[in-house]
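What follows is a set of notes on a single structure, which appears directly below.
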Amino acid sequence: MLSRLAPAFFARPSATVARELLGTFIVQTEGPTTKIARVVEVEAYLGQQDAASHARRGPTPRAAIMFGPPAHLYVYLVYGMHHCLNVVTESDGVAGAVLIRAAEPVRGFAIADQKERAIWRALAGPGKLCAGLEITRRHNGMNLGDSPLYFANDAEAPPVTQVGVSARIGVAYAGAWAKRKLRFYLRGNPSVSVRPND
DNA sequence: GCCACGATAGTG
DNA sequence: ACTATCGTGGCG
């Protein structure tokens with residue numbers, strides 16, 4: 001039985017929220033069939049001090065939401081074609097977010113076409129995850145307390161073990177911050193996007 | 001205004 | 001290694 005995560009869950013340090021989001025479920029109730037996917041890979045992004053974070057330049061029009069209240073969605077477009085799903089963390093006024101990088105389809109992804117089935121076998125990578133869950137910029141700013149797309153946990157699901165920790169993906173430009181171990185994933189899970197050497 | 005450059009992913 | 005494709009933000 002899935003129950004929506006309370007807003008207070010997100011009002012904590014980004015790395016803590018990131019780690020604890022592993023094993024939770026993304027529930028997408030928009031559209032004809034509810035889609036559910038299990039979170040297997042996340043990254044924490046911090047505030048202005050984090051050279052890899054969109055908050056690094058302060059509360060610009062795009063990044064301002066990262067400085068606002070937690071438990072809101074931050075969705076943006078990268079490379080002109082892929083959407084990325086983030087959840088705002090920390091307390092109001094403190095910048096932070098968690099990027100959801102990959103999830104494992106659980107329900108609602110039945111697709112007749114064999115080729116498409118291969119594509120959605122894993123929602124591996126932030127762009128594919130958003131495509132598979134039909135997440136676009138219209139979700140930007142949604143409040144997770146009452147949104148049709150939300151995070152939930154399952155009290156009966158086995159607890160997450162074997163958590164891998166590594167540097168974040170695609171932030172090589174960020175100097176020392178590129179090396180920080182702020183990526184968390186389920187070790188050995190086939191839906192994780194970049195095959196770690198563990 | 002103009003322009004370089006991504007928190008990507010598929011293909012060769 | 002190359003590329004599709006466009007919003008953001010730095011700079012003038």
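Just remember, in the structure tokens the first chain shown is A, the second B, etc., residues are 1-based per chain, and ligands are 1-based in the order shown.
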Selection near A:Arg107, 6 Å with only C-alpha atoms (C1' of nucleotides), sequence-local residues under 2 positions removed, as a short mmCIF file (atom, residue, chain, number, x, y, z; two decimals) with N, CA and C atoms, in the first residue's frame:
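Output file result_1.cif is given in full below:
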data_model
loop_
_atom_site.label_atom_id
_atom_site.label_comp_id
_atom_site.auth_asym_id
_atom_site.auth_seq_id
_atom_site.Cartn_x
_atom_site.Cartn_y
_atom_site.Cartn_z
N LYS A 35 0.85 5.30 -13.60
CA LYS A 35 2.17 4.70 -13.76
C LYS A 35 2.93 4.78 -12.45
N ILE A 36 3.61 3.67 -12.13
CA ILE A 36 4.40 3.63 -10.90
C ILE A 36 5.80 3.13 -11.23
N PHE A 109 3.30 0.41 -17.43
CA PHE A 109 4.20 0.60 -18.57
C PHE A 109 4.04 -0.48 -19.63
#
Skipping near chain neighbours, those fewer than 5 positions away, what residues fall within 6 Å of stretch 160-174 of chain A using only C-alpha atoms (C1' of nucleotides), listed as a list of chain:residue names?
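What passes the distance filter is A:Ala51, A:Ala52, A:Lys179, A:Arg180, A:Lys181, A:Leu182, A:Arg183, A:Phe184, A:Tyr185, A:Leu186, A:Arg187.
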Please write the residues from the selection above to a file, keeping N, CA, C and O atoms, as a PDB file, in the first residue's frame.
ATOM      1  N   ALA A  51      29.332  24.179  -7.289  1.00  0.00           N
ATOM      2  CA  ALA A  51      29.622  24.643  -8.654  1.00  0.00           C
ATOM      3  C   ALA A  51      28.918  23.818  -9.726  1.00  0.00           C
ATOM      4  O   ALA A  51      28.896  24.212 -10.893  1.00  0.00           O
ATOM      5  N   ALA A  52      28.344  22.703  -9.353  1.00  0.00           N
ATOM      6  CA  ALA A  52      27.624  21.874 -10.325  1.00  0.00           C
ATOM      7  C   ALA A  52      26.122  22.152 -10.298  1.00  0.00           C
ATOM      8  O   ALA A  52      25.374  21.628 -11.119  1.00  0.00           O
ATOM      9  N   LYS A 179      33.892  16.069  -7.989  1.00  0.00           N
ATOM     10  CA  LYS A 179      34.362  14.846  -7.327  1.00  0.00           C
ATOM     11  C   LYS A 179      33.536  14.456  -6.112  1.00  0.00           C
ATOM     12  O   LYS A 179      33.654  13.343  -5.602  1.00  0.00           O
ATOM     13  N   ARG A 180      32.704  15.367  -5.656  1.00  0.00           N
ATOM     14  CA  ARG A 180      31.926  15.081  -4.450  1.00  0.00           C
ATOM     15  C   ARG A 180      31.004  13.893  -4.648  1.00  0.00           C
ATOM     16  O   ARG A 180      30.356  13.759  -5.682  1.00  0.00           O
ATOM     17  N   LYS A 181      30.941  13.050  -3.644  1.00  0.00           N
ATOM     18  CA  LYS A 181      30.133  11.825  -3.731  1.00  0.00           C
ATOM     19  C   LYS A 181      28.675  12.131  -3.368  1.00  0.00           C
ATOM     20  O   LYS A 181      28.233  11.895  -2.255  1.00  0.00           O
ATOM     21  N   LEU A 182      27.961  12.641  -4.346  1.00  0.00           N
ATOM     22  CA  LEU A 182      26.577  13.053  -4.087  1.00  0.00           C
ATOM     23  C   LEU A 182      25.567  12.287  -4.945  1.00  0.00           C
ATOM     24  O   LEU A 182      24.420  12.665  -5.055  1.00  0.00           O
ATOM     25  N   ARG A 183      26.035  11.214  -5.567  1.00  0.00           N
ATOM     26  CA  ARG A 183      25.139  10.354  -6.348  1.00  0.00           C
ATOM     27  C   ARG A 183      24.901   9.065  -5.562  1.00  0.00           C
ATOM     28  O   ARG A 183      25.850   8.488  -5.024  1.00  0.00           O
ATOM     29  N   PHE A 184      23.651   8.652  -5.507  1.00  0.00           N
ATOM     30  CA  PHE A 184      23.286   7.450  -4.756  1.00  0.00           C
ATOM     31  C   PHE A 184      22.485   6.539  -5.666  1.00  0.00           C
ATOM     32  O   PHE A 184      21.617   7.000  -6.414  1.00  0.00           O
ATOM     33  N   TYR A 185      22.775   5.248  -5.620  1.00  0.00           N
ATOM     34  CA  TYR A 185      22.070   4.315  -6.495  1.00  0.00           C
ATOM     35  C   TYR A 185      21.972   2.950  -5.841  1.00  0.00           C
ATOM     36  O   TYR A 185      22.711   2.650  -4.895  1.00  0.00           O
ATOM     37  N   LEU A 186      21.065   2.130  -6.348  1.00  0.00           N
ATOM     38  CA  LEU A 186      20.924   0.773  -5.840  1.00  0.00           C
ATOM     39  C   LEU A 186      21.953  -0.098  -6.555  1.00  0.00           C
ATOM     40  O   LEU A 186      21.850  -0.331  -7.758  1.00  0.00           O
ATOM     41  N   ARG A 187      22.931  -0.526  -5.813  1.00  0.00           N
ATOM     42  CA  ARG A 187      24.034  -1.287  -6.380  1.00  0.00           C
ATOM     43  C   ARG A 187      23.521  -2.569  -7.048  1.00  0.00           C
ATOM     44  O   ARG A 187      22.744  -3.313  -6.453  1.00  0.00           O
TER      45      ARG A 187
END
With the cut-off set at 7 Å and counting only C-alpha atoms (C1' of nucleotides), tabulate each residue of chain B with an atom at most that distance from an atom of chain A, showing the nearest atom pair and its distance in Å to one decimal, ordered by chain and increasing number, as CSV.
residue,atom,partner,partner_atom,distance
B:DG6,C1',A:Tyr79,CA,6.1
B:DA7,C1',A:Gly170,CA,6.4
B:DT8,C1',A:Gly127,CA,6.3
Would you mind exporting the chosen residues as a PDB file, in the first residue's frame, restricted to N, CA and C atoms (P, O5', C5', C4', C3', O3' and C1' of nucleotides)?
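As written to disk, part-v8.pdb reads:
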ATOM      1  P    DG B   6      29.315  23.318 -20.813  1.00  0.00           P
ATOM      2  O5'  DG B   6      28.576  21.960 -21.268  1.00  0.00           O
ATOM      3  C5'  DG B   6      27.834  21.116 -20.372  1.00  0.00           C
ATOM      4  C4'  DG B   6      26.769  21.877 -19.663  1.00  0.00           C
ATOM      5  C3'  DG B   6      25.606  21.050 -19.165  1.00  0.00           C
ATOM      6  O3'  DG B   6      24.898  21.766 -18.198  1.00  0.00           O
ATOM      7  C1'  DG B   6      24.875  22.319 -20.969  1.00  0.00           C
ATOM      8  P    DA B   7      24.605  21.509 -16.718  1.00  0.00           P
ATOM      9  O5'  DA B   7      24.172  20.022 -16.331  1.00  0.00           O
ATOM     10  C5'  DA B   7      25.084  18.939 -16.279  1.00  0.00           C
ATOM     11  C4'  DA B   7      24.379  17.683 -15.827  1.00  0.00           C
ATOM     12  C3'  DA B   7      23.087  17.374 -16.571  1.00  0.00           C
ATOM     13  O3'  DA B   7      22.863  15.955 -16.569  1.00  0.00           O
ATOM     14  C1'  DA B   7      22.585  17.851 -14.319  1.00  0.00           C
ATOM     15  P    DT B   8      23.502  15.181 -17.897  1.00  0.00           P
ATOM     16  O5'  DT B   8      22.398  15.357 -19.037  1.00  0.00           O
ATOM     17  C5'  DT B   8      21.055  14.927 -18.859  1.00  0.00           C
ATOM     18  C4'  DT B   8      20.585  14.192 -20.092  1.00  0.00           C
ATOM     19  C3'  DT B   8      20.963  12.714 -20.109  1.00  0.00           C
ATOM     20  O3'  DT B   8      19.778  11.980 -20.206  1.00  0.00           O
ATOM     21  C1'  DT B   8      21.438  13.721 -22.197  1.00  0.00           C
TER      22       DT B   8
END
Can you list, as a PyMOL selection string, all residues belonging to chain A that DSSP tags as strand (DSSP E)?
chain A and resi 2-4+25-28+35-45+73-78+82-88+97-107+123-124+149-154+163-166+183-186
In Å and to one decimal, atom CA of A:Thr33 is distant from atom CA of A:Leu133 by 11.1 Å
Find the residues around B:DG12 up to 12 Å (only C-alpha atoms (C1' of nucleotides) counted), leave out those fewer than 5 positions away in its own chain, and share them as a PDB file with N, CA and C atoms (P, O5', C5', C4', C3', O3' and C1' of nucleotides), in the first residue's frame.
ATOM      1  P    DA C   1      37.368  10.095 -28.599  1.00  0.00           P
ATOM      2  O5'  DA C   1      36.362  10.587 -29.734  1.00  0.00           O
ATOM      3  C5'  DA C   1      36.808  10.512 -31.065  1.00  0.00           C
ATOM      4  C4'  DA C   1      35.646  10.783 -31.936  1.00  0.00           C
ATOM      5  C3'  DA C   1      35.081  12.199 -31.825  1.00  0.00           C
ATOM      6  O3'  DA C   1      34.739  12.601 -33.137  1.00  0.00           O
ATOM      7  C1'  DA C   1      33.385  10.612 -31.415  1.00  0.00           C
ATOM      8  P    DC C   2      34.465  13.996 -33.649  1.00  0.00           P
ATOM      9  O5'  DC C   2      32.910  13.922 -33.982  1.00  0.00           O
ATOM     10  C5'  DC C   2      32.418  12.836 -34.761  1.00  0.00           C
ATOM     11  C4'  DC C   2      30.908  12.897 -34.785  1.00  0.00           C
ATOM     12  C3'  DC C   2      30.356  14.328 -34.672  1.00  0.00           C
ATOM     13  O3'  DC C   2      29.304  14.470 -35.593  1.00  0.00           O
ATOM     14  C1'  DC C   2      29.391  12.966 -33.034  1.00  0.00           C
ATOM     15  P    DT C   3      28.896  15.930 -36.137  1.00  0.00           P
ATOM     16  O5'  DT C   3      27.354  15.876 -35.753  1.00  0.00           O
ATOM     17  C5'  DT C   3      26.601  14.714 -36.052  1.00  0.00           C
ATOM     18  C4'  DT C   3      25.314  14.757 -35.241  1.00  0.00           C
ATOM     19  C3'  DT C   3      24.811  16.197 -35.006  1.00  0.00           C
ATOM     20  O3'  DT C   3      23.405  16.229 -35.103  1.00  0.00           O
ATOM     21  C1'  DT C   3      24.970  15.076 -32.982  1.00  0.00           C
TER      22       DT C   3
END
Report as a Markdown table the residues of chain C within 9 Å of chain A, each with its shortest atom pair and distance in Å (one decimal), using only C-alpha atoms (C1' of nucleotides), ordered by chain and increasing residue number.
| residue | atom | partner | partner_atom | distance |
| --- | --- | --- | --- | --- |
| C:DA4 | C1' | A:Met81 | CA | 8.1 |
| C:DT5 | C1' | A:Gly80 | CA | 4.8 |
| C:DC6 | C1' | A:Gly80 | CA | 4.1 |
| C:DG7 | C1' | A:Gly80 | CA | 7.1 |
| C:DT8 | C1' | A:Arg62 | CA | 7.5 |
| C:DG9 | C1' | A:Thr60 | CA | 8.4 |
Going by DSSP on the backbone, which residues of stretch 14-114 of chain A come out as alpha helix (DSSP H)? List them as a list in words.
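Matching residues for alpha helix (DSSP H) in stretch 14-114 of chain A are Ser14, Ala15, Thr16, Val17, Ala18, Arg19, Glu20, Leu21, Ala64, Ile65, Met66, Phe67 and Gln114 of chain A.
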Please produce a file of those selected residues containing N, CA, C and O atoms, as a compact mmCIF listing (two decimals), in the first residue's frame.
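For reference, part16.txt as written:
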# COMPACT_ATOMS: atom_id res chain seq x y z
N SER A 14 19.87 18.00 1.26
CA SER A 14 19.69 17.34 -0.04
C SER A 14 20.25 15.92 -0.08
O SER A 14 19.63 15.02 -0.62
N ALA A 15 21.44 15.73 0.48
CA ALA A 15 22.05 14.40 0.42
C ALA A 15 21.23 13.39 1.22
O ALA A 15 21.11 12.22 0.82
N THR A 16 20.66 13.82 2.33
CA THR A 16 19.82 12.94 3.14
C THR A 16 18.56 12.55 2.38
O THR A 16 18.18 11.39 2.30
N VAL A 17 17.92 13.55 1.80
CA VAL A 17 16.70 13.30 1.03
C VAL A 17 17.01 12.39 -0.16
O VAL A 17 16.28 11.43 -0.43
N ALA A 18 18.13 12.65 -0.82
CA ALA A 18 18.50 11.84 -1.99
C ALA A 18 18.64 10.38 -1.58
O ALA A 18 18.02 9.48 -2.17
N ARG A 19 19.43 10.13 -0.56
CA ARG A 19 19.66 8.76 -0.09
C ARG A 19 18.33 8.08 0.28
O ARG A 19 18.12 6.90 -0.04
N GLU A 20 17.46 8.80 0.94
CA GLU A 20 16.21 8.19 1.42
C GLU A 20 15.14 8.08 0.33
O GLU A 20 14.15 7.37 0.50
N LEU A 21 15.35 8.76 -0.79
CA LEU A 21 14.40 8.60 -1.90
C LEU A 21 14.61 7.27 -2.62
O LEU A 21 13.71 6.78 -3.30
N ALA A 64 15.41 29.96 -9.24
CA ALA A 64 14.78 30.54 -8.04
C ALA A 64 13.99 29.50 -7.26
O ALA A 64 13.96 29.53 -6.02
N ILE A 65 13.38 28.57 -7.98
CA ILE A 65 12.56 27.55 -7.29
C ILE A 65 13.39 26.71 -6.33
O ILE A 65 12.90 26.24 -5.31
N MET A 66 14.68 26.58 -6.62
CA MET A 66 15.56 25.82 -5.72
C MET A 66 15.77 26.53 -4.39
O MET A 66 16.19 25.92 -3.41
N PHE A 67 15.52 27.83 -4.38
CA PHE A 67 15.67 28.62 -3.16
C PHE A 67 14.36 28.71 -2.38
O PHE A 67 14.32 29.23 -1.28
N GLN A 114 7.31 -4.13 -29.39
CA GLN A 114 8.51 -4.75 -28.81
C GLN A 114 9.67 -3.77 -28.66
O GLN A 114 10.42 -3.79 -27.69
Could you give me, as a PyMOL selection string, the residues within 12 Å of A:Asp92, counting only C-alpha atoms (C1' of nucleotides) and dropping anything in the same chain fewer than 6 positions from it?
chain A and resi 7-8+10-13+64-72
With N, CA and C atoms kept, could you save the residues just selected as a JSON list (two decimals), in the first residue's frame?
[["chain", "number", "residue", "atom", "x", "y", "z"],
["A", 7, "PRO", "N", 5.36, 16.51, 2.87],
["A", 7, "PRO", "CA", 6.29, 17.60, 2.53],
["A", 7, "PRO", "C", 7.49, 17.68, 3.46],
["A", 8, "ALA", "N", 7.30, 17.33, 4.73],
["A", 8, "ALA", "CA", 8.40, 17.39, 5.70],
["A", 8, "ALA", "C", 9.56, 16.48, 5.31],
["A", 10, "PHE", "N", 10.98, 16.25, 2.58],
["A", 10, "PHE", "CA", 11.90, 16.95, 1.69],
["A", 10, "PHE", "C", 12.59, 18.14, 2.36],
["A", 11, "ALA", "N", 12.12, 18.52, 3.54],
["A", 11, "ALA", "CA", 12.66, 19.69, 4.24],
["A", 11, "ALA", "C", 13.90, 19.33, 5.05],
["A", 12, "ARG", "N", 14.83, 18.63, 4.41],
["A", 12, "ARG", "CA", 16.05, 18.19, 5.07],
["A", 12, "ARG", "C", 17.21, 18.38, 4.11],
["A", 13, "PRO", "N", 18.44, 18.15, 4.55],
["A", 13, "PRO", "CA", 19.58, 18.31, 3.65],
["A", 13, "PRO", "C", 19.43, 17.46, 2.39],
["A", 64, "ALA", "N", 15.41, 29.96, -9.24],
["A", 64, "ALA", "CA", 14.78, 30.54, -8.04],
["A", 64, "ALA", "C", 13.99, 29.50, -7.26],
["A", 65, "ILE", "N", 13.38, 28.57, -7.98],
["A", 65, "ILE", "CA", 12.56, 27.55, -7.29],
["A", 65, "ILE", "C", 13.39, 26.71, -6.33],
["A", 66, "MET", "N", 14.68, 26.58, -6.62],
["A", 66, "MET", "CA", 15.56, 25.82, -5.72],
["A", 66, "MET", "C", 15.77, 26.53, -4.39],
["A", 67, "PHE", "N", 15.52, 27.83, -4.38],
["A", 67, "PHE", "CA", 15.67, 28.62, -3.16],
["A", 67, "PHE", "C", 14.36, 28.71, -2.38],
["A", 68, "GLY", "N", 13.29, 28.24, -2.98],
["A", 68, "GLY", "CA", 11.97, 28.35, -2.37],
["A", 68, "GLY", "C", 11.67, 27.21, -1.43],
["A", 69, "PRO", "N", 10.39, 27.05, -1.08],
["A", 69, "PRO", "CA", 9.99, 26.00, -0.14],
["A", 69, "PRO", "C", 10.23, 24.60, -0.69],
["A", 70, "PRO", "N", 10.54, 23.65, 0.17],
["A", 70, "PRO", "CA", 10.79, 22.27, -0.26],
["A", 70, "PRO", "C", 9.51, 21.58, -0.72],
["A", 71, "ALA", "N", 9.68, 20.36, -1.24],
["A", 71, "ALA", "CA", 8.56, 19.53, -1.68],
["A", 71, "ALA", "C", 7.85, 20.13, -2.90],
["A", 72, "HIS", "N", 8.60, 20.87, -3.71],
["A", 72, "HIS", "CA", 8.05, 21.35, -4.99],
["A", 72, "HIS", "C", 8.90, 20.74, -6.10]]
